[in-house]
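J.: Okay, handing you the structure first.
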Amino acid sequence: MAFPERLLGEDEHVVYDLRPHWWTLVPSILMTLLVLVVATLAYGAMPGGTFQTPARMVVQVVAVAVLAIWVGHRVARWATTHLVLTTDRLIFRTGLVAKYAREIPLERIDDVTYSQSLLGRVIGVGDLQVKSGGEHGEAVFEQVRNPKAVQLEIYHRMEESESQPFVPSTPPHPYTGARPVPSSPPGSQHGALDDLERLAALRDRGLISDEEFDRKKRDLLDRI
């Protein structure tokens with residue numbers, strides 16, 4: 001089930017909609033094979049007689065119950081868990097009946113790191129750690145597919161969001177009060193200095209090269 005578009009804001013688009021890596025389902029696959037093998041052996045080893053048919057029915061019921069409770073629960077949790085990156089937010093949702101959701105606006109993210117074991121690097125799975133401002137300052141998302149690509153895409157979207165000029169929204173109803181004091185234009189010295197600070201932070205993170213930093217710095221200084 002894809003992330004519902006009705007939950008997106010205006011001009012917001014989904015960049016990544018990721019379920020946990022298929023490695024998460026390996027224990028469920030192994031348990032399914034084990035239950036099938038045990039049930040088959042028990043089914044064939046039943047002695048003949050009056051109780052053979054009821055005993056085989058018990059084996060079938062137990063096998064189905066184990067698959068439904070142990071395997072079905074994990075598969076349903078995998079199918080309903082989403083790590084969604086949009087042009088505005090990072091969203092985590094999980095749960096079929098009892099749902100849990102967390103959203104982190106991109107402008108509040110301070111740092112994104114990932115970790116992978118040797119096996120994780122081979123199969124492309126790892127954990128993503130996101131630090132942000134707010135009450136819950138750190139979030140760890142486990143079993144993420146290709147976490148390095150997700151990290152780079154988050155930084156890319158953060159850079160795009162910071163580079164876009166702020167456009168105030170139109171009030172939903174006519175406003176008859178006093179006119180607000182206009183803010184400084186985007187090309188003012190104060191705004192240019194803020195942009196220089198953001199460019200320096202991106203360069204320190206390794207998201208832009210020194211040449212790109214110098215070029216954008218000259219462009220900003222020319223506008224002052």
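Each chain in the structure tokens gets a letter, A, B, ..., in the order shown, and its residues are numbered from 1; ligands are numbered from 1 in order too.
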Using only C-alpha atoms, which residues sit within 12 Å of A:Arg74 once same-chain residues fewer than 5 positions away are excluded, as a list of chain:residue names?

T.: A:Pro20, A:Trp22, A:Thr24, A:Leu25, A:Val26, A:Pro27, A:Ser28, A:Ile29, A:Met31, A:Thr32, A:Val66, A:Leu67, A:Ala68, A:Ile69, A:Ala79, A:Thr80, A:Thr81, A:Thr94, A:Gly95, A:Leu96

J.: Put those residues in a file: all heavy atoms, as a CSV table (one decimal), in the first residue's frame.

T.:
```
chain,number,residue,atom,x,y,z
A,20,PRO,N,10.6,-1.4,5.0
A,20,PRO,CA,11.9,-2.0,5.5
A,20,PRO,C,12.5,-3.0,4.5
A,20,PRO,O,11.7,-3.6,3.6
A,20,PRO,CB,11.4,-2.7,6.8
A,20,PRO,CG,10.2,-2.0,7.2
A,20,PRO,CD,9.5,-1.6,5.9
A,22,TRP,N,14.0,-6.2,2.6
A,22,TRP,CA,13.5,-7.6,2.5
A,22,TRP,C,14.2,-8.5,3.6
A,22,TRP,O,13.6,-9.5,3.9
A,22,TRP,CB,13.7,-8.2,1.1
A,22,TRP,CG,15.1,-8.2,0.6
A,22,TRP,CD1,15.7,-7.3,-0.2
A,22,TRP,CD2,16.1,-9.2,0.9
A,22,TRP,NE1,17.0,-7.7,-0.5
A,22,TRP,CE2,17.2,-8.8,0.2
A,22,TRP,CE3,16.1,-10.3,1.7
A,22,TRP,CZ2,18.4,-9.5,0.3
A,22,TRP,CZ3,17.3,-11.1,1.8
A,22,TRP,CH2,18.4,-10.7,1.1
A,24,THR,N,14.3,-8.0,6.6
A,24,THR,CA,13.5,-8.1,7.7
A,24,THR,C,12.6,-9.3,7.7
A,24,THR,O,12.1,-9.8,8.7
A,24,THR,CB,12.6,-6.8,7.8
A,24,THR,OG1,13.4,-5.7,7.6
A,24,THR,CG2,11.8,-6.7,9.1
A,25,LEU,N,12.2,-9.8,6.5
A,25,LEU,CA,11.3,-10.9,6.3
A,25,LEU,C,12.0,-12.3,6.4
A,25,LEU,O,11.3,-13.3,6.4
A,25,LEU,CB,10.6,-10.8,5.0
A,25,LEU,CG,9.7,-9.6,4.8
A,25,LEU,CD1,9.1,-9.6,3.4
A,25,LEU,CD2,8.6,-9.6,5.9
A,26,VAL,N,13.4,-12.3,6.5
A,26,VAL,CA,14.1,-13.6,6.5
A,26,VAL,C,13.7,-14.5,7.6
A,26,VAL,O,13.4,-15.7,7.4
A,26,VAL,CB,15.6,-13.4,6.5
A,26,VAL,CG1,16.4,-14.6,6.7
A,26,VAL,CG2,16.0,-12.8,5.1
A,27,PRO,N,13.6,-14.0,8.9
A,27,PRO,CA,13.1,-14.9,10.0
A,27,PRO,C,11.7,-15.5,9.7
A,27,PRO,O,11.4,-16.6,10.0
A,27,PRO,CB,13.1,-14.0,11.2
A,27,PRO,CG,14.1,-12.9,10.9
A,27,PRO,CD,14.0,-12.7,9.4
A,28,SER,N,10.8,-14.7,9.1
A,28,SER,CA,9.5,-15.2,8.8
A,28,SER,C,9.5,-16.3,7.8
A,28,SER,O,8.8,-17.3,7.8
A,28,SER,CB,8.6,-14.0,8.3
A,28,SER,OG,8.4,-13.1,9.4
A,29,ILE,N,10.4,-16.1,6.8
A,29,ILE,CA,10.5,-17.1,5.7
A,29,ILE,C,11.1,-18.4,6.3
A,29,ILE,O,10.6,-19.5,6.0
A,29,ILE,CB,11.4,-16.6,4.6
A,29,ILE,CG1,10.8,-15.4,3.9
A,29,ILE,CG2,11.7,-17.7,3.6
A,29,ILE,CD1,11.7,-14.7,2.9
A,31,MET,N,10.9,-19.4,9.4
A,31,MET,CA,9.8,-20.0,10.3
A,31,MET,C,8.8,-20.7,9.5
A,31,MET,O,8.3,-21.8,9.8
A,31,MET,CB,9.2,-18.9,11.2
A,31,MET,CG,8.1,-19.5,12.0
A,31,MET,SD,8.6,-20.8,13.2
A,31,MET,CE,9.5,-19.8,14.4
A,32,THR,N,8.4,-20.2,8.3
A,32,THR,CA,7.4,-20.8,7.5
A,32,THR,C,7.9,-22.1,6.9
A,32,THR,O,7.2,-23.1,6.9
A,32,THR,CB,7.1,-19.9,6.3
A,32,THR,OG1,6.6,-18.6,6.8
A,32,THR,CG2,6.1,-20.5,5.4
A,66,VAL,N,0.3,-21.1,14.0
A,66,VAL,CA,1.7,-20.6,14.1
A,66,VAL,C,2.0,-19.6,13.0
A,66,VAL,O,2.6,-18.6,13.2
A,66,VAL,CB,2.7,-21.8,14.2
A,66,VAL,CG1,4.1,-21.2,14.1
A,66,VAL,CG2,2.5,-22.6,15.4
A,67,LEU,N,1.6,-20.0,11.7
A,67,LEU,CA,1.9,-19.2,10.6
A,67,LEU,C,1.1,-17.8,10.7
A,67,LEU,O,1.6,-16.8,10.4
A,67,LEU,CB,1.6,-19.9,9.3
A,67,LEU,CG,2.5,-21.1,8.9
A,67,LEU,CD1,2.0,-21.7,7.7
A,67,LEU,CD2,3.9,-20.6,8.8
A,68,ALA,N,-0.1,-17.9,11.1
A,68,ALA,CA,-1.0,-16.7,11.2
A,68,ALA,C,-0.5,-15.8,12.3
A,68,ALA,O,-0.5,-14.6,12.1
A,68,ALA,CB,-2.4,-17.1,11.4
A,69,ILE,N,-0.1,-16.3,13.5
A,69,ILE,CA,0.2,-15.5,14.6
A,69,ILE,C,1.7,-15.0,14.5
A,69,ILE,O,1.9,-13.8,14.6
A,69,ILE,CB,0.0,-16.3,15.9
A,69,ILE,CG1,-1.5,-16.6,16.1
A,69,ILE,CG2,0.5,-15.4,17.1
A,69,ILE,CD1,-1.8,-17.5,17.3
A,79,ALA,N,4.5,-4.8,5.8
A,79,ALA,CA,3.8,-4.2,4.7
A,79,ALA,C,3.2,-2.8,5.1
A,79,ALA,O,2.9,-2.0,4.2
A,79,ALA,CB,2.6,-5.1,4.3
A,80,THR,N,3.0,-2.5,6.4
A,80,THR,CA,2.4,-1.3,6.8
A,80,THR,C,3.4,-0.3,7.3
A,80,THR,O,3.0,0.7,7.9
A,80,THR,CB,1.2,-1.5,7.8
A,80,THR,OG1,1.8,-2.3,8.9
A,80,THR,CG2,0.1,-2.3,7.2
A,81,THR,N,4.7,-0.6,7.2
A,81,THR,CA,5.7,0.4,7.7
A,81,THR,C,6.3,1.1,6.5
A,81,THR,O,6.7,0.5,5.5
A,81,THR,CB,6.8,-0.4,8.4
A,81,THR,OG1,6.2,-1.1,9.6
A,81,THR,CG2,7.9,0.5,8.9
A,94,THR,N,3.8,3.4,10.8
A,94,THR,CA,3.8,1.9,11.0
A,94,THR,C,2.5,1.5,11.7
A,94,THR,O,1.9,2.3,12.5
A,94,THR,CB,5.0,1.4,11.8
A,94,THR,OG1,5.0,0.0,11.8
A,94,THR,CG2,5.0,1.9,13.2
A,95,GLY,N,2.0,0.3,11.5
A,95,GLY,CA,0.8,-0.2,12.1
A,95,GLY,C,-0.3,-0.4,11.2
A,95,GLY,O,-0.6,0.5,10.3
A,96,LEU,N,-1.1,-1.4,11.5
A,96,LEU,CA,-2.3,-1.7,10.7
A,96,LEU,C,-3.5,-1.3,11.4
A,96,LEU,O,-4.4,-0.6,10.9
A,96,LEU,CB,-2.4,-3.2,10.3
A,96,LEU,CG,-3.6,-3.6,9.5
A,96,LEU,CD1,-3.5,-2.9,8.1
A,96,LEU,CD2,-3.6,-5.1,9.3
```

J.: Would you pick out the contacts of A:Lys217 at 8 Å or less, using only C-alpha atoms, so that residues sharing its chain but fewer than 3 positions from it are not included, and give the list as a PyMOL selection string?

T.: chain A and resi 196+199+213-214+220-221

J.: Print the selection's residues with N, CA and C atoms to a file, as a PDB file, in the first residue's frame.

T.:
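New file out.pdb:
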```pdb
ATOM      1  N   LEU A 196      25.051  33.104   3.087  1.00  0.00           N
ATOM      2  CA  LEU A 196      26.460  32.711   3.155  1.00  0.00           C
ATOM      3  C   LEU A 196      26.704  31.720   4.281  1.00  0.00           C
ATOM      4  N   LEU A 199      25.432  28.387   3.114  1.00  0.00           N
ATOM      5  CA  LEU A 199      26.345  27.793   2.138  1.00  0.00           C
ATOM      6  C   LEU A 199      27.577  27.227   2.814  1.00  0.00           C
ATOM      7  N   PHE A 213      30.936  26.663  -3.708  1.00  0.00           N
ATOM      8  CA  PHE A 213      30.783  27.628  -2.617  1.00  0.00           C
ATOM      9  C   PHE A 213      31.297  28.998  -3.040  1.00  0.00           C
ATOM     10  N   ASP A 214      32.490  29.030  -3.684  1.00  0.00           N
ATOM     11  CA  ASP A 214      33.048  30.311  -4.109  1.00  0.00           C
ATOM     12  C   ASP A 214      32.172  30.980  -5.161  1.00  0.00           C
ATOM     13  N   LEU A 220      26.189  36.011  -4.378  1.00  0.00           N
ATOM     14  CA  LEU A 220      25.520  36.684  -3.265  1.00  0.00           C
ATOM     15  C   LEU A 220      26.130  38.049  -2.983  1.00  0.00           C
ATOM     16  N   LEU A 221      27.453  38.131  -3.041  1.00  0.00           N
ATOM     17  CA  LEU A 221      28.103  39.423  -2.767  1.00  0.00           C
ATOM     18  C   LEU A 221      27.772  40.440  -3.850  1.00  0.00           C
TER      19      LEU A 221
END
```

J.: Write out as a list in words the residues lying within 7 Å of stretch 34-43 of chain A, counting only C-alpha atoms and excluding same-chain residues fewer than 5 positions away.

T.: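 My reading of the contact set: Arg56, Val59 and Ala63 of chain A.
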
J.: Can you pull out the residues contacting A:Val112? Cut-off 8 Å, using only C-alpha atoms, and skip same-chain residues under 4 positions away; I want them as a ChimeraX atom specification.

T.: /A:128-131,151

J.: Write out as a short mmCIF file (atom, residue, chain, number, x, y, z; two decimals) with N, CA, C and O atoms, in the first residue's frame which residues come within 12 Å of A:Tyr114 when counting only C-alpha atoms, dropping same-chain ones fewer than 6 positions away.

T.:
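Full text of around09.cif as output:
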```cif
data_model
loop_
_atom_site.label_atom_id
_atom_site.label_comp_id
_atom_site.auth_asym_id
_atom_site.auth_seq_id
_atom_site.Cartn_x
_atom_site.Cartn_y
_atom_site.Cartn_z
N GLY A 120 25.36 -5.84 5.92
CA GLY A 120 24.45 -4.78 5.47
C GLY A 120 24.97 -4.07 4.24
O GLY A 120 24.19 -3.70 3.35
N ARG A 121 26.28 -3.88 4.14
CA ARG A 121 26.85 -3.25 2.95
C ARG A 121 26.69 -4.15 1.72
O ARG A 121 26.51 -3.67 0.61
N GLY A 124 22.79 -4.14 1.06
CA GLY A 124 22.19 -2.80 0.93
C GLY A 124 21.17 -2.46 1.98
O GLY A 124 20.07 -2.00 1.65
N VAL A 125 21.51 -2.66 3.25
CA VAL A 125 20.59 -2.35 4.34
C VAL A 125 21.38 -1.74 5.49
O VAL A 125 22.57 -2.05 5.69
N GLY A 126 20.74 -0.84 6.24
CA GLY A 126 21.40 -0.21 7.37
C GLY A 126 20.41 0.59 8.18
O GLY A 126 19.20 0.62 7.90
N ASP A 127 20.93 1.26 9.20
CA ASP A 127 20.11 2.10 10.08
C ASP A 127 20.39 3.57 9.78
O ASP A 127 21.54 3.97 9.54
N LEU A 128 19.33 4.37 9.82
CA LEU A 128 19.42 5.80 9.53
C LEU A 128 19.15 6.56 10.82
O LEU A 128 18.12 6.33 11.47
N GLN A 129 20.07 7.46 11.18
CA GLN A 129 19.93 8.25 12.40
C GLN A 129 19.74 9.71 12.02
O GLN A 129 20.58 10.29 11.32
N VAL A 130 18.64 10.30 12.49
CA VAL A 130 18.30 11.68 12.15
C VAL A 130 18.23 12.50 13.43
O VAL A 130 17.49 12.16 14.36
N LYS A 131 19.01 13.58 13.47
CA LYS A 131 18.99 14.50 14.60
C LYS A 131 18.29 15.78 14.18
O LYS A 131 18.58 16.34 13.12
N ALA A 139 16.08 10.42 16.11
CA ALA A 139 15.26 9.29 15.68
C ALA A 139 16.15 8.32 14.91
O ALA A 139 17.00 8.73 14.12
N VAL A 140 15.94 7.03 15.17
CA VAL A 140 16.70 5.98 14.49
C VAL A 140 15.71 5.11 13.73
O VAL A 140 14.77 4.57 14.31
N PHE A 141 15.91 4.99 12.43
CA PHE A 141 15.07 4.17 11.57
C PHE A 141 15.88 2.95 11.14
O PHE A 141 16.93 3.10 10.50
N GLU A 142 15.39 1.77 11.50
CA GLU A 142 16.15 0.54 11.28
C GLU A 142 15.75 -0.14 9.97
O GLU A 142 14.66 0.07 9.45
N GLN A 143 16.68 -0.96 9.47
CA GLN A 143 16.45 -1.79 8.28
C GLN A 143 16.03 -0.93 7.08
O GLN A 143 15.07 -1.25 6.37
N VAL A 144 16.75 0.16 6.85
CA VAL A 144 16.46 1.05 5.73
C VAL A 144 17.21 0.56 4.49
O VAL A 144 18.39 0.24 4.55
N ARG A 145 16.52 0.53 3.37
CA ARG A 145 17.15 0.14 2.11
C ARG A 145 18.05 1.27 1.60
O ARG A 145 17.63 2.42 1.52
N ASN A 146 19.28 0.91 1.26
CA ASN A 146 20.26 1.85 0.71
C ASN A 146 20.29 3.15 1.53
O ASN A 146 19.94 4.23 1.02
N PRO A 147 20.71 3.08 2.80
CA PRO A 147 20.63 4.27 3.65
C PRO A 147 21.52 5.42 3.17
O PRO A 147 21.19 6.58 3.41
N LYS A 148 22.63 5.13 2.48
CA LYS A 148 23.48 6.21 1.99
C LYS A 148 22.75 7.06 0.96
O LYS A 148 22.83 8.30 1.00
N ALA A 149 22.02 6.41 0.06
CA ALA A 149 21.26 7.16 -0.94
C ALA A 149 20.17 8.00 -0.28
O ALA A 149 19.91 9.14 -0.70
N VAL A 150 19.53 7.46 0.75
CA VAL A 150 18.50 8.22 1.46
C VAL A 150 19.11 9.42 2.17
O VAL A 150 18.56 10.53 2.15
N GLN A 151 20.27 9.23 2.79
CA GLN A 151 20.95 10.34 3.45
C GLN A 151 21.28 11.46 2.47
O GLN A 151 21.00 12.64 2.74
N LEU A 152 21.86 11.11 1.33
CA LEU A 152 22.22 12.12 0.34
C LEU A 152 20.99 12.84 -0.22
O LEU A 152 21.02 14.05 -0.46
#
```

J.: Please run DSSP on the backbone and report, as a PyMOL selection string, all residues within stretch 34-215 of chain A that come out as strand (DSSP E or B).

T.: chain A and resi 82-86+89-94+100-105+109-115+125-132+138-145

J.: Given the selection you just returned, output its residues as a file containing N, CA and C atoms, formatted as a short mmCIF file (atom, residue, chain, number, x, y, z; two decimals), in the first residue's frame.

T.:
```cif
data_model
loop_
_atom_site.label_atom_id
_atom_site.label_comp_id
_atom_site.auth_asym_id
_atom_site.auth_seq_id
_atom_site.Cartn_x
_atom_site.Cartn_y
_atom_site.Cartn_z
N HIS A 82 6.28 2.43 6.63
CA HIS A 82 6.76 3.30 5.55
C HIS A 82 7.72 4.33 6.12
N LEU A 83 8.84 4.50 5.44
CA LEU A 83 9.71 5.66 5.65
C LEU A 83 9.59 6.50 4.39
N VAL A 84 8.96 7.65 4.53
CA VAL A 84 8.61 8.47 3.37
C VAL A 84 9.39 9.78 3.43
N LEU A 85 10.07 10.09 2.35
CA LEU A 85 10.74 11.38 2.19
C LEU A 85 9.98 12.17 1.14
N THR A 86 9.49 13.33 1.53
CA THR A 86 8.82 14.22 0.59
C THR A 86 9.68 15.46 0.37
N ARG A 89 9.09 16.99 4.12
CA ARG A 89 9.15 16.30 5.41
C ARG A 89 9.78 14.92 5.27
N LEU A 90 10.18 14.40 6.43
CA LEU A 90 10.55 12.99 6.57
C LEU A 90 9.51 12.35 7.47
N ILE A 91 8.83 11.32 6.98
CA ILE A 91 7.68 10.75 7.67
C ILE A 91 7.92 9.27 7.92
N PHE A 92 7.59 8.82 9.14
CA PHE A 92 7.66 7.40 9.48
C PHE A 92 6.29 6.98 9.98
N ARG A 93 5.72 5.94 9.35
CA ARG A 93 4.41 5.42 9.73
C ARG A 93 4.47 3.91 9.81
N THR A 94 3.84 3.36 10.84
CA THR A 94 3.79 1.92 10.98
C THR A 94 2.51 1.54 11.71
N TYR A 100 1.34 4.20 14.46
CA TYR A 100 2.31 5.14 15.03
C TYR A 100 2.89 5.95 13.88
N ALA A 101 2.99 7.25 14.06
CA ALA A 101 3.50 8.11 13.01
C ALA A 101 4.38 9.20 13.63
N ARG A 102 5.40 9.57 12.87
CA ARG A 102 6.27 10.68 13.29
C ARG A 102 6.69 11.44 12.05
N GLU A 103 6.68 12.76 12.15
CA GLU A 103 7.04 13.62 11.03
C GLU A 103 8.12 14.59 11.48
N ILE A 104 9.12 14.79 10.62
CA ILE A 104 10.21 15.72 10.89
C ILE A 104 10.31 16.68 9.70
N PRO A 105 9.99 17.94 9.86
CA PRO A 105 10.17 18.89 8.76
C PRO A 105 11.65 18.98 8.37
N ILE A 109 15.86 19.48 10.51
CA ILE A 109 16.87 18.42 10.59
C ILE A 109 18.25 19.05 10.68
N ASP A 110 19.03 18.62 11.67
CA ASP A 110 20.39 19.12 11.87
C ASP A 110 21.45 18.20 11.28
N ASP A 111 21.24 16.91 11.38
CA ASP A 111 22.28 15.98 10.92
C ASP A 111 21.63 14.64 10.58
N VAL A 112 22.19 13.97 9.57
CA VAL A 112 21.71 12.64 9.15
C VAL A 112 22.93 11.73 9.00
N THR A 113 22.94 10.62 9.72
CA THR A 113 24.02 9.65 9.61
C THR A 113 23.42 8.27 9.40
N TYR A 114 24.26 7.34 8.94
CA TYR A 114 23.79 5.98 8.76
C TYR A 114 24.89 5.02 9.18
N SER A 115 24.51 3.80 9.52
CA SER A 115 25.46 2.77 9.91
C SER A 115 25.07 1.47 9.22
N VAL A 125 21.51 -2.66 3.25
CA VAL A 125 20.59 -2.35 4.34
C VAL A 125 21.38 -1.74 5.49
N GLY A 126 20.74 -0.84 6.24
CA GLY A 126 21.40 -0.21 7.37
C GLY A 126 20.41 0.59 8.18
N ASP A 127 20.93 1.26 9.20
CA ASP A 127 20.11 2.10 10.08
C ASP A 127 20.39 3.57 9.78
N LEU A 128 19.33 4.37 9.82
CA LEU A 128 19.42 5.80 9.53
C LEU A 128 19.15 6.56 10.82
N GLN A 129 20.07 7.46 11.18
CA GLN A 129 19.93 8.25 12.40
C GLN A 129 19.74 9.71 12.02
N VAL A 130 18.64 10.30 12.49
CA VAL A 130 18.30 11.68 12.15
C VAL A 130 18.23 12.50 13.43
N LYS A 131 19.01 13.58 13.47
CA LYS A 131 18.99 14.50 14.60
C LYS A 131 18.29 15.78 14.18
N SER A 132 17.38 16.23 15.03
CA SER A 132 16.60 17.42 14.70
C SER A 132 16.28 18.17 15.97
N GLU A 138 16.23 13.07 18.44
CA GLU A 138 16.94 12.05 17.67
C GLU A 138 16.01 10.90 17.35
N ALA A 139 16.08 10.42 16.11
CA ALA A 139 15.26 9.29 15.68
C ALA A 139 16.15 8.32 14.91
N VAL A 140 15.94 7.03 15.17
CA VAL A 140 16.70 5.98 14.49
C VAL A 140 15.71 5.11 13.73
N PHE A 141 15.91 4.99 12.43
CA PHE A 141 15.07 4.17 11.57
C PHE A 141 15.88 2.95 11.14
N GLU A 142 15.39 1.77 11.50
CA GLU A 142 16.15 0.54 11.28
C GLU A 142 15.75 -0.14 9.97
N GLN A 143 16.68 -0.96 9.47
CA GLN A 143 16.45 -1.79 8.28
C GLN A 143 16.03 -0.93 7.08
N VAL A 144 16.75 0.16 6.85
CA VAL A 144 16.46 1.05 5.73
C VAL A 144 17.21 0.56 4.49
N ARG A 145 16.52 0.53 3.37
CA ARG A 145 17.15 0.14 2.11
C ARG A 145 18.05 1.27 1.60
#
```

J.: DSSP says helix (DSSP H, G or I) for which residues of stretch 6-126 of chain A? Put them as a count of residues only?

T.: 62

J.: I'd like the interatomic distance between atom CA of A:His73 and atom CA of A:Thr53, to a tenth of an Å.

T.: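 Taking atom CA of A:His73 as the start and atom CA of A:Thr53 as the end point, the length is 29.4 Å.
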
J.: Kindly indicate which residue among A:Arg108, A:Arg19, A:His156, A:Lys99 lies nearest to A:Thr87, using only C-alpha atoms for the distances.

T.: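 Between A:Arg108, A:Arg19, A:His156, A:Lys99, the residue approaching A:Thr87 most closely is A:His156.
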